[in-house]
Each structure stands twice: as C-alpha cells, then as structure tokens.
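Printed here is model_8.cif (mmCIF, C-alpha atoms):
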data_start
loop_
_atom_site.label_atom_id
_atom_site.label_comp_id
_atom_site.auth_asym_id
_atom_site.auth_seq_id
_atom_site.Cartn_x
_atom_site.Cartn_y
_atom_site.Cartn_z
CA MET G 782 -25.95 -2.36 -26.82
CA ILE G 783 -23.97 -2.78 -23.61
CA SER G 784 -23.06 -6.27 -22.49
CA SER G 785 -24.60 -7.05 -19.09
CA SER G 786 -21.19 -8.18 -17.83
CA PHE G 787 -19.84 -4.70 -18.42
CA GLU G 788 -22.72 -2.66 -17.00
CA SER G 789 -20.67 -2.16 -13.84
CA ALA G 790 -18.39 0.09 -15.89
CA LEU G 791 -21.10 2.70 -16.46
CA PRO G 792 -21.08 4.18 -12.92
CA LEU G 793 -17.28 4.44 -13.12
CA VAL G 794 -17.46 6.22 -16.46
CA ALA G 795 -20.05 8.61 -15.01
CA GLU G 796 -17.92 9.19 -11.90
CA HIS G 797 -14.89 9.93 -14.07
CA ALA G 798 -16.88 12.52 -16.02
CA GLU G 799 -18.21 14.09 -12.81
CA ILE G 800 -14.71 14.36 -11.32
CA GLU G 801 -13.52 15.96 -14.55
CA ARG G 802 -16.28 18.55 -14.13
CA GLN G 803 -15.33 19.15 -10.48
CA LEU G 804 -11.67 19.61 -11.38
CA ALA G 805 -12.66 22.63 -13.44
CA ASP G 806 -14.45 24.22 -10.47
CA PRO G 807 -12.48 27.18 -9.00
CA VAL G 808 -13.67 26.26 -5.49
CA VAL G 809 -12.16 22.78 -5.81
CA LEU G 810 -8.95 24.19 -7.28
CA GLY G 811 -8.55 26.30 -4.14
CA ASP G 812 -8.78 23.33 -1.74
CA HIS G 813 -5.53 21.36 -2.04
CA VAL G 814 -6.78 18.43 0.09
CA VAL G 815 -9.91 17.91 -2.01
CA LEU G 816 -7.98 18.58 -5.21
CA ARG G 817 -5.37 15.92 -4.39
CA ARG G 818 -8.08 13.38 -3.50
CA LEU G 819 -10.01 14.04 -6.73
CA ASN G 820 -6.87 13.89 -8.85
CA LYS G 821 -5.93 10.53 -7.32
CA ARG G 822 -9.39 9.12 -7.96
CA TYR G 823 -9.46 10.53 -11.50
CA ALA G 824 -6.12 8.90 -12.27
CA ALA G 825 -7.27 5.61 -10.71
CA LEU G 826 -10.42 5.54 -12.86
CA GLY G 827 -8.57 6.51 -16.05
CA PRO G 828 -7.42 3.03 -17.19
CA THR G 829 -10.89 1.53 -16.62
CA VAL G 830 -12.61 4.33 -18.51
CA ALA G 831 -10.11 4.06 -21.37
CA ALA G 832 -10.63 0.28 -21.49
CA TYR G 833 -14.41 0.77 -21.56
CA HIS G 834 -14.26 3.25 -24.44
CA ALA G 835 -11.88 0.98 -26.38
CA TRP G 836 -14.20 -2.01 -25.92
CA HIS G 837 -17.32 0.04 -26.72
CA ALA G 838 -15.74 1.32 -29.96
CA ALA G 839 -14.56 -2.17 -30.95
CA ALA G 840 -17.97 -3.70 -30.19
CA GLY G 841 -19.63 -0.98 -32.26
CA ASP G 842 -17.32 -1.65 -35.21
CA LEU G 843 -18.06 -5.37 -34.94
CA ALA G 844 -21.82 -4.79 -34.88
CA THR G 845 -21.57 -2.55 -37.93
CA GLY G 846 -19.38 -5.11 -39.71
CA ARG G 847 -21.93 -7.86 -39.11
CA GLU G 848 -24.73 -5.70 -40.46
CA LEU G 849 -22.74 -4.95 -43.60
CA ALA G 850 -21.77 -8.60 -44.00
CA ALA G 851 -25.44 -9.58 -43.86
CA GLU G 852 -26.10 -7.28 -46.82
CA ASP G 853 -22.84 -7.84 -48.70
CA PRO G 854 -20.89 -11.12 -48.14
CA SER G 855 -17.63 -9.43 -49.18
CA PHE G 856 -17.56 -7.67 -45.81
CA ALA G 857 -17.46 -11.04 -44.00
CA GLU G 858 -13.71 -11.23 -44.56
CA GLU G 859 -13.23 -8.38 -42.08
CA LEU G 860 -15.24 -10.01 -39.29
CA PRO G 861 -12.51 -12.28 -37.81
CA ALA G 862 -10.18 -9.31 -37.26
CA LEU G 863 -13.00 -7.24 -35.74
CA GLU G 864 -13.98 -10.14 -33.46
CA GLN G 865 -10.38 -10.57 -32.34
CA THR G 866 -10.04 -6.86 -31.56
CA THR G 867 -13.31 -6.85 -29.62
CA ALA G 868 -12.37 -9.97 -27.63
CA ALA G 869 -8.99 -8.48 -26.70
CA ALA G 870 -10.63 -5.21 -25.62
CA ALA G 871 -13.21 -7.16 -23.59
CA GLU G 872 -10.42 -9.06 -21.79
CA VAL G 873 -8.68 -5.81 -20.85
CA LEU G 874 -11.94 -4.30 -19.59
CA HIS G 875 -12.79 -7.45 -17.63
CA HIS G 876 -9.42 -7.25 -15.87
CA GLN G 877 -10.00 -3.57 -15.06
CA LEU G 878 -13.44 -4.29 -13.58
CA VAL G 879 -12.19 -6.92 -11.13
CA PRO G 880 -12.77 -5.39 -7.64
CA ARG G 881 -9.62 -3.72 -6.38
CA ASP G 882 -8.41 -2.43 -3.07
CA PRO G 883 -10.03 1.01 -2.65
CA ASP G 884 -6.87 2.26 -0.89
CA ASP G 885 -4.54 1.40 -3.79
CA ASP G 886 -3.96 5.04 -4.72
CA ARG G 887 -2.94 6.10 -1.20
CA ASP G 888 0.42 6.83 0.40
CA VAL G 889 1.48 4.75 3.41
CA ILE G 890 2.73 4.87 6.95
CA LEU G 891 5.17 2.01 7.52
CA GLU G 892 6.35 0.78 10.92
CA VAL G 893 9.16 -1.63 11.71
CA LYS G 894 9.46 -3.17 15.18
CA ALA G 895 12.14 -5.41 16.62
CA GLY G 896 10.86 -8.79 17.77
CA GLU G 897 12.45 -11.74 19.50
CA GLY G 898 16.21 -11.77 19.31
CA GLY G 899 17.28 -8.76 21.37
CA GLU G 900 19.92 -6.53 19.80
CA GLU G 901 20.16 -8.71 16.69
CA SER G 902 16.44 -8.22 16.05
CA ALA G 903 16.83 -4.45 16.49
CA LEU G 904 19.75 -4.42 14.04
CA PHE G 905 17.66 -6.38 11.53
CA ALA G 906 14.76 -3.95 12.03
CA GLY G 907 17.18 -1.18 11.11
CA ASP G 908 18.21 -3.10 7.99
CA LEU G 909 14.56 -3.46 6.97
CA MET G 910 13.81 0.22 7.45
CA ARG G 911 16.85 1.19 5.37
CA MET G 912 15.69 -1.27 2.69
CA TYR G 913 12.30 0.44 2.47
CA LEU G 914 13.86 3.90 2.41
CA ARG G 915 16.14 2.83 -0.44
CA TYR G 916 13.16 1.30 -2.28
CA ALA G 917 11.24 4.56 -1.90
CA GLU G 918 14.26 6.46 -3.20
CA ARG G 919 14.50 4.18 -6.24
CA ARG G 920 10.83 4.82 -7.06
CA GLY G 921 11.12 8.56 -6.57
CA TRP G 922 8.90 8.69 -3.50
CA ARG G 923 9.20 11.17 -0.65
CA THR G 924 9.87 9.85 2.88
CA GLN G 925 9.52 11.43 6.31
CA LEU G 926 10.70 9.83 9.53
CA LEU G 927 7.86 10.15 12.04
CA ASP G 928 9.30 8.36 15.05
CA LEU G 929 12.38 6.33 15.96
CA THR G 930 13.66 4.50 19.04
CA GLU G 931 17.22 3.25 18.65
CA SER G 932 18.83 0.32 20.43
CA ASP G 933 22.19 0.50 22.21
CA LEU G 934 24.06 -0.90 19.17
CA GLY G 935 22.43 1.42 16.65
CA GLY G 936 19.56 -0.82 15.62
CA TYR G 937 15.89 0.18 15.75
CA LYS G 938 13.60 -0.98 18.53
CA ASP G 939 10.87 0.61 16.48
CA ALA G 940 10.69 3.13 13.66
CA ARG G 941 7.87 4.76 11.76
CA VAL G 942 8.06 6.52 8.41
CA SER G 943 5.59 8.03 5.95
CA ILE G 944 6.12 7.25 2.27
CA GLN G 945 4.46 9.49 -0.28
CA ALA G 946 4.31 9.48 -4.05
CA ILE G 947 5.28 12.69 -5.82
CA GLY G 948 2.55 13.74 -8.23
CA ILE G 949 -0.27 11.39 -9.21
CA PRO G 950 0.96 7.79 -9.61
CA GLY G 951 -0.44 5.44 -12.24
CA GLN G 952 -2.69 2.52 -11.42
CA GLY G 953 -0.92 0.07 -9.15
CA GLU G 954 2.08 2.37 -8.69
CA ALA G 955 1.16 4.23 -5.48
CA PRO G 956 2.98 3.35 -2.24
CA TRP G 957 0.05 1.38 -0.75
CA ALA G 958 -0.49 -0.65 -3.93
CA ARG G 959 3.16 -1.74 -3.80
CA LEU G 960 3.96 -1.91 -0.08
CA LYS G 961 0.76 -3.33 1.43
CA TYR G 962 2.15 -6.84 0.96
CA GLU G 963 5.11 -6.09 3.24
CA GLY G 964 3.13 -6.27 6.46
CA GLY G 965 3.93 -9.29 8.61
CA VAL G 966 6.82 -11.06 10.33
CA HIS G 967 10.19 -10.96 8.56
CA ARG G 968 12.76 -13.57 9.63
CA VAL G 969 16.53 -13.25 9.36
CA GLN G 970 19.18 -15.96 9.51
CA ARG G 971 22.76 -14.76 9.99
CA VAL G 972 25.70 -14.60 12.37
CA PRO G 973 24.92 -11.72 14.76
CA VAL G 974 27.58 -9.13 15.56
CA THR G 975 27.16 -10.18 19.20
CA GLU G 976 27.97 -13.85 18.40
CA SER G 977 31.59 -14.74 19.24
CA GLN G 978 31.41 -18.38 18.07
CA GLY G 979 30.28 -17.63 14.51
CA ARG G 980 26.99 -19.48 14.89
CA ILE G 981 24.00 -18.62 12.72
CA HIS G 982 21.05 -17.27 14.69
CA THR G 983 17.43 -16.74 13.69
CA SER G 984 15.51 -13.67 14.78
CA ALA G 985 12.60 -11.65 13.48
CA ALA G 986 11.15 -8.18 13.11
CA GLY G 987 7.61 -7.08 12.41
CA VAL G 988 6.43 -4.73 9.69
CA LEU G 989 3.11 -2.89 9.77
CA VAL G 990 1.89 -0.99 6.71
CA MET G 991 -1.14 1.30 6.82
CA PRO G 992 -2.79 3.58 4.24
CA ASP G 993 -1.99 7.22 5.01
CA ILE G 994 -5.23 9.17 5.46
CA ASP G 995 -4.40 12.64 4.16
CA ASP G 996 -7.93 13.98 4.65
CA PRO G 997 -8.79 14.21 8.39
CA GLU G 998 -12.51 14.17 7.56
CA GLU G 999 -12.24 10.58 6.30
CA VAL G 1000 -11.78 9.26 9.84
CA ASP G 1001 -14.24 10.15 12.58
CA LEU G 1002 -11.87 11.39 15.30
CA HIS G 1003 -13.26 13.40 18.23
CA LEU G 1004 -11.04 15.34 20.63
CA ASN G 1005 -13.17 14.14 23.55
CA ASP G 1006 -12.04 10.60 22.73
CA LEU G 1007 -8.37 11.48 23.02
CA LYS G 1008 -6.05 11.56 26.02
CA ILE G 1009 -2.95 13.60 25.12
CA ASP G 1010 0.20 13.43 27.23
CA VAL G 1011 3.53 15.17 26.68
CA PHE G 1012 6.91 13.93 27.86
CA ARG G 1013 10.62 14.37 27.29
CA SER G 1014 12.15 12.66 24.24
CA SER G 1015 14.58 9.84 24.95
CA GLY G 1016 17.35 8.06 23.05
CA PRO G 1017 19.10 4.68 23.34
CA GLY G 1018 18.94 3.26 26.84
CA GLY G 1019 16.29 5.80 27.85
CA GLN G 1020 18.73 8.71 27.98
CA SER G 1021 17.15 12.13 27.61
CA VAL G 1022 17.88 13.85 24.31
CA ASN G 1023 15.63 16.86 24.79
CA THR G 1024 15.32 19.34 27.61
CA THR G 1025 11.68 20.18 26.82
CA ASP G 1026 8.49 18.14 26.90
CA SER G 1027 8.18 17.94 23.11
CA ALA G 1028 7.26 14.25 22.74
CA VAL G 1029 3.55 13.44 22.50
CA ARG G 1030 1.56 10.36 23.44
CA ILE G 1031 -2.08 10.10 22.30
CA THR G 1032 -4.45 7.48 23.65
CA HIS G 1033 -7.66 6.82 21.74
CA LEU G 1034 -10.01 6.02 24.61
CA PRO G 1035 -12.71 4.06 22.71
CA THR G 1036 -10.20 1.56 21.29
CA GLY G 1037 -7.27 1.85 23.69
CA LEU G 1038 -4.86 2.57 20.81
CA VAL G 1039 -1.74 4.43 21.92
CA VAL G 1040 0.50 6.38 19.53
CA SER G 1041 3.70 8.17 20.54
CA CYS G 1042 5.84 10.52 18.45
CA GLN G 1043 9.06 12.18 19.56
CA ASN G 1044 11.15 12.62 16.43
CA GLU G 1045 10.25 16.26 15.80
CA LYS G 1046 11.61 19.07 17.99
CA SER G 1047 8.22 20.74 18.16
CA GLN G 1048 5.43 19.44 20.38
CA LEU G 1049 2.90 20.59 17.77
CA GLN G 1050 4.66 18.69 14.99
CA ASN G 1051 4.81 15.54 17.10
CA LYS G 1052 1.12 15.90 17.88
CA GLU G 1053 0.23 16.23 14.20
CA SER G 1054 2.36 13.18 13.37
CA ALA G 1055 0.73 11.15 16.15
CA LEU G 1056 -2.77 12.13 14.97
CA ARG G 1057 -1.82 11.15 11.44
CA VAL G 1058 -0.68 7.71 12.59
CA LEU G 1059 -3.77 7.31 14.76
CA ARG G 1060 -6.05 8.06 11.79
CA ALA G 1061 -4.19 5.46 9.74
CA ARG G 1062 -4.54 2.82 12.46
CA LEU G 1063 -8.25 3.51 12.95
CA HIS G 1064 -8.77 3.27 9.20
CA GLN G 1065 -6.90 -0.04 9.17
CA ILE G 1066 -9.09 -1.36 11.99
CA ALA G 1067 -12.19 -0.36 10.03
CA ILE G 1068 -10.88 -2.27 6.99
CA GLU G 1069 -10.18 -5.38 9.05
CA GLU G 1070 -13.62 -5.26 10.68
CA ALA G 1071 -15.28 -4.90 7.29
CA GLU G 1072 -13.33 -7.87 5.95
CA ALA G 1073 -14.23 -9.98 8.98
CA ALA G 1074 -17.92 -9.23 8.44
CA ALA G 1075 -17.78 -9.94 4.70
CA SER G 1076 -18.15 -13.26 2.93
CA HIS G 1077 -15.12 -15.42 2.20
CA ALA G 1078 -15.33 -14.51 -1.47
CA ARG G 1079 -15.35 -10.82 -0.73
CA ARG G 1080 -12.37 -11.17 1.60
CA SER G 1081 -10.41 -12.92 -1.12
CA GLN G 1082 -11.14 -10.07 -3.50
CA ILE G 1083 -9.91 -7.42 -1.08
CA ARG G 1084 -6.76 -9.05 0.20
CA THR G 1085 -5.66 -12.46 -1.03
CA VAL G 1086 -2.08 -12.56 0.25
CA ASP G 1087 -1.99 -13.40 3.96
CA ARG G 1088 0.20 -10.84 5.69
CA SER G 1089 -0.37 -11.82 9.32
CA GLU G 1090 2.13 -14.67 9.53
CA ARG G 1091 5.86 -15.06 8.87
CA ILE G 1092 6.04 -13.86 5.31
CA ARG G 1093 9.69 -13.83 4.33
CA THR G 1094 13.14 -15.18 5.25
CA TYR G 1095 16.41 -13.32 4.68
CA ASN G 1096 19.27 -15.84 4.73
CA PHE G 1097 22.62 -14.02 4.79
CA PRO G 1098 25.02 -17.02 4.50
CA GLU G 1099 23.33 -18.07 1.23
CA ASN G 1100 22.53 -14.50 0.09
CA ARG G 1101 19.00 -15.85 -0.32
CA ILE G 1102 15.57 -14.26 0.07
CA ALA G 1103 12.42 -16.37 0.11
CA ASP G 1104 8.77 -15.28 0.24
CA HIS G 1105 6.71 -17.99 1.93
CA ARG G 1106 3.37 -16.81 0.53
CA THR G 1107 4.21 -16.78 -3.18
CA GLY G 1108 7.11 -19.23 -3.39
CA PHE G 1109 9.43 -16.54 -4.72
CA LYS G 1110 13.10 -17.25 -4.12
CA ALA G 1111 16.23 -15.45 -5.28
CA TYR G 1112 19.92 -15.32 -4.41
CA ASN G 1113 20.36 -11.55 -4.52
CA LEU G 1114 19.67 -10.63 -0.91
CA ASP G 1115 22.36 -7.95 -0.98
CA HIS G 1116 20.55 -6.20 -3.83
CA VAL G 1117 17.16 -6.54 -2.15
CA LEU G 1118 18.45 -4.97 1.06
CA ASP G 1119 19.72 -2.12 -1.10
CA GLY G 1120 16.14 -1.44 -2.16
CA ASP G 1121 15.82 -3.69 -5.22
CA LEU G 1122 12.44 -5.01 -4.10
CA ASP G 1123 10.44 -4.90 -7.32
CA GLN G 1124 10.70 -8.60 -8.19
CA VAL G 1125 9.79 -9.67 -4.66
CA ILE G 1126 6.78 -7.35 -4.55
CA ALA G 1127 5.76 -8.31 -8.10
CA SER G 1128 5.38 -11.94 -6.98
CA ALA G 1129 2.82 -10.83 -4.38
CA VAL G 1130 1.03 -8.51 -6.80
CA ASP G 1131 0.78 -11.28 -9.41
CA ALA G 1132 -0.56 -13.77 -6.85
CA ASP G 1133 -3.13 -11.23 -5.68
CA ASP G 1134 -4.23 -10.39 -9.24
CA ALA G 1135 -4.59 -14.08 -10.14
CA ALA G 1136 -6.73 -14.72 -7.06
CA ARG G 1137 -8.94 -11.70 -7.80
CA LEU G 1138 -9.48 -12.81 -11.41
CA ALA G 1139 -10.29 -16.35 -10.29
CA SER G 1140 -12.74 -15.04 -7.71
CA ALA G 1141 -14.41 -12.80 -10.29
CA GLY G 1142 -14.73 -15.73 -12.68
CA GLU G 1143 -16.51 -17.84 -10.05
CA ARG G 1144 -19.32 -15.34 -9.67
#

When written as structure tokens, how does the structure in this file appear?
Amino acid sequence: MISSSFESALPLVAEHAEIERQLADPVVLGDHVVLRRLNKRYAALGPTVAAYHAWHAAAGDLATGRELAAEDPSFAEELPALEQTTAAAAEVLHHQLVPRDPDDDRDVILEVKAGEGGEESALFAGDLMRMYLRYAERRGWRTQLLDLTESDLGGYKDARVSIQAIGIPGQGEAPWARLKYEGGVHRVQRVPVTESQGRIHTSAAGVLVMPDIDDPEEVDLHLNDLKIDVFRSSGPGGQSVNTTDSAVRITHLPTGLVVSCQNEKSQLQNKESALRVLRARLHQIAIEEAEAAASHARRSQIRTVDRSERIRTYNFPENRIADHRTGFKAYNLDHVLDGDLDQVIASAVDADDAARLASAGER
C-alpha cells in the first residue's frame, strides 16, 4: 500500500515511463530539440523515480517481515533493520519530492553590467565575467559570448554570455541550478587602477542570470510584436568596428524590452542571439509574475535566496569574499576569481534546500 505522503511520486513515475517510451520513438529521435528536452527531463526525474522504487521495495520487505513475525516470532529479530532501511529510504524520497525549480535542468544566459563607479566598476564587471567563464571551464561547460561592450580601459560596460552543459547533467548540476543564485548586485572594495593616492574605493556591478530557452515554442513570441533595427557595431568610446550594419536591436513592443547584439559578424547571427536573449527575458518575467501571484509559502519553495539586493562583497585588501545572504565568508578571493566558486555557490544551494524542506514540513 502506498503512503499518502508519497502519492505525489506516482505521476512522476508515470511521466518517467512515458518519456522512456517516447525516447524509443523514431520520430522523436529525429527531432534534436525535442530529444534534448526529453532527455533533460528524463535525467531530472531519474533520482526521484529511483528513490521511489527503493522506498517501495523497502516498504514491501518490511510489510512481509511483519507478516512473517506475526506467524513466527523468530522473524521479529529482522524487523529493526528492515524498519531502519525503510525509514532511510523514506527520508531520501521525501527530499526528492520537495518542490524544486522547474528550470533547474536548463542552461543559462548570464549578463554582467557595470554599475556606479565608472571605469573601476567596468573593470570589476570584466573580472566577474572572467570568473564565470573560468567556473564554466572548470565544470566542463560550453560558453559563447553573445554581446560585449568594452570600456576605455578594457573593462566591460556590459557583457552577455550563454553557458551550456555538455551532455545531460545530473540533478542539481546544470548551469541554471548552480548559477541562478549569482543574480544581484556584487560589490568590490579595492584600490582602483585610476587611484593615485592608494585609497580603497567601493563600487559595484550587476549580474543577471536567466534560464536559456532552447525551444522557441516554449515562449509565445510573435513577429508582429517585434521592432527590429540594424546598426553598425561599435567598440570602446563608440568607435566603429564594423563597416556593415551587422548589429541588431530588437524591441518587444508589448513589454518595451530592448535587446541588442553586435558580437557576431553576421546580422543573421546577431538576430538569432538577440531573439534567444529576448525569449530568456520574457520567460524570466513570466516566472516573476507567477511568483508575485503565488502565496508566500509557494514563493519560498521556488526561490528562497533573495537575489535582488547586494548579495556579495569582494574585498581585495583582505583577500576576502563574503556572501550577505548565507553568511558564507572565506579568505581565498584570488581563487574564487579564478573560478573556484563551488563553496560559495554551495552555501546558497544548502540554504535554499533547507528552506524548501522546512516549507514542505509546514504543510
């Protein structure tokens, strides 16, 4: 008999079986977009389905053991071990059934923008982007620069990159599941290269992380809602770096969102990149609207780490990094900027998981 607390696993088990059937369909195998989406979902469901089967088998063994013990007391000696195994399996399944971010198996589009602080902020934005590129390299992810505007001193006024997993990542290992906590205001404290007196300055840069929507049909985007302009690419100081109108600016008329891409040499490639970013932003807006309309409990399940405020400080004189949301602090800033971000991100993941479990226990 299935415990009522675990009945929510049955639709997931059925979905897993249905996807397995679809993955054997030649029509599906010929559509790489659908195939990739199904494979991601299949991999995401795998741990929950495995946990369900492990619990179901353990619960069945325990029920059989109790029946035998009722007939023959000698079997009672086996019950404590069976109960312990079943309880452990139930705990694993309970953790798997806690509502998770539905975008956790997606790739991401990550943007870094200079904030207050002029050239120093742009230089810090460049440091942040290099940090994320090194982190992606460490994890074996693929990156593609979508757009970049440099400052006069070689910093980044703004930069946009896509980060994609290679193959099908395990649960909690996809780019969005790891990098979604990076969105927010990042503050730096250091002596700027433009400072002649050696004084420490504070400046900031903003990071925006969005799920990458690889299937265009997932976002309702009509050409009639788009205003597409082309212009000449420019470099630091506005200087022209291209003699053709290859840069593309797309305005989404219903929302007023504007996306520009100029990094590619081809107008078509820039247009595709801009549409990709626009789909990601519209998807992000839809998520935020859904969260705003949901109950407080539901919001805490979806996203428990606040990413809208100043989230982290990078203190160069002390080689210190501090995350203001989780209380994480370490004195290895040089390593973090070289892409060693796992401990910092793990503190946010752990805080999120704890909040989700607590929320599930309150219901």

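Each of G:Arg1057, G:Lys961, G:Lys1008, G:Arg1013 was compared to Leu1034 of chain G using all atoms listed in the file, and G:Lys1008 turns out to be the nearest.
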
Item to check | Residues selected by the PyMOL selection byres ((chain G and resi 1092-1106) around 12), written as a PyMOL selection string | outcome: chain G and resi 905+908-909+962-973+979-988+1085-1091+1107-1118+1121-1122+1124-1133

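Minimum distance to Arg1137 of chain G across G:Gly951, G:Gly846, G:Pro1035, G:Pro880 (counting all atoms listed in the file) occurs at G:Pro880.
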
Checklist outcome for this item: Taken to one decimal, the atom CA of Lys821 of chain G-atom CA of Asp806 of chain G distance is 16.4 Å

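You can rank G:Leu1038, G:Thr975, G:Ala940, G:Pro956 by their closest distance to Ile1066 of chain G using only C-alpha atoms, and at the top of that list sits G:Leu1038.
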
Checklist entry - Hey, what comes out of the PyMOL selection byres ((chain G and resi 1045) around 10) on this file? Could you write it as a ChimeraX atom specification? => result /G:926-928,1014,1027-1029,1042-1044,1046-1052,1054

Can I get the selected residues back with C-alpha atoms, as an mmCIF file, keeping the file's coordinate frame?
data_model
loop_
_atom_site.group_PDB
_atom_site.id
_atom_site.type_symbol
_atom_site.label_atom_id
_atom_site.label_comp_id
_atom_site.auth_asym_id
_atom_site.auth_seq_id
_atom_site.Cartn_x
_atom_site.Cartn_y
_atom_site.Cartn_z
ATOM 1 C CA LEU G 926 10.700 9.830 9.530
ATOM 2 C CA LEU G 927 7.860 10.150 12.040
ATOM 3 C CA ASP G 928 9.300 8.360 15.050
ATOM 4 C CA SER G 1014 12.150 12.660 24.240
ATOM 5 C CA SER G 1027 8.180 17.940 23.110
ATOM 6 C CA ALA G 1028 7.260 14.250 22.740
ATOM 7 C CA VAL G 1029 3.550 13.440 22.500
ATOM 8 C CA CYS G 1042 5.840 10.520 18.450
ATOM 9 C CA GLN G 1043 9.060 12.180 19.560
ATOM 10 C CA ASN G 1044 11.150 12.620 16.430
ATOM 11 C CA LYS G 1046 11.610 19.070 17.990
ATOM 12 C CA SER G 1047 8.220 20.740 18.160
ATOM 13 C CA GLN G 1048 5.430 19.440 20.380
ATOM 14 C CA LEU G 1049 2.900 20.590 17.770
ATOM 15 C CA GLN G 1050 4.660 18.690 14.990
ATOM 16 C CA ASN G 1051 4.810 15.540 17.100
ATOM 17 C CA LYS G 1052 1.120 15.900 17.880
ATOM 18 C CA SER G 1054 2.360 13.180 13.370
#

Next on the checklist: Here's the selection I'm unsure about, the PyMOL selection byres ((chain G and resi 1036) around 12); applied to the file above, which residues does it give, as a ChimeraX atom specification?
Outcome noted: /G:1002,1006-1008,1031-1035,1037-1040,1059,1062-1063,1066-1067

Taking the point (3.7, 5.0, 4.3) as given in the file, collect each protein or nucleic acid residue that comes within 8 Å of it, counting all atoms listed in the file, and present the set as a CSV table (one decimal) with C-alpha atoms, in the coordinates of the input.
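Written out: part-v9.csv:
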chain,number,residue,atom,x,y,z
G,888,ASP,CA,0.4,6.8,0.4
G,889,VAL,CA,1.5,4.8,3.4
G,890,ILE,CA,2.7,4.9,7.0
G,891,LEU,CA,5.2,2.0,7.5
G,924,THR,CA,9.9,9.8,2.9
G,942,VAL,CA,8.1,6.5,8.4
G,943,SER,CA,5.6,8.0,6.0
G,944,ILE,CA,6.1,7.2,2.3
G,945,GLN,CA,4.5,9.5,-0.3
G,956,PRO,CA,3.0,3.4,-2.2
G,957,TRP,CA,0.0,1.4,-0.8
G,990,VAL,CA,1.9,-1.0,6.7
G,991,MET,CA,-1.1,1.3,6.8
G,992,PRO,CA,-2.8,3.6,4.2
G,993,ASP,CA,-2.0,7.2,5.0
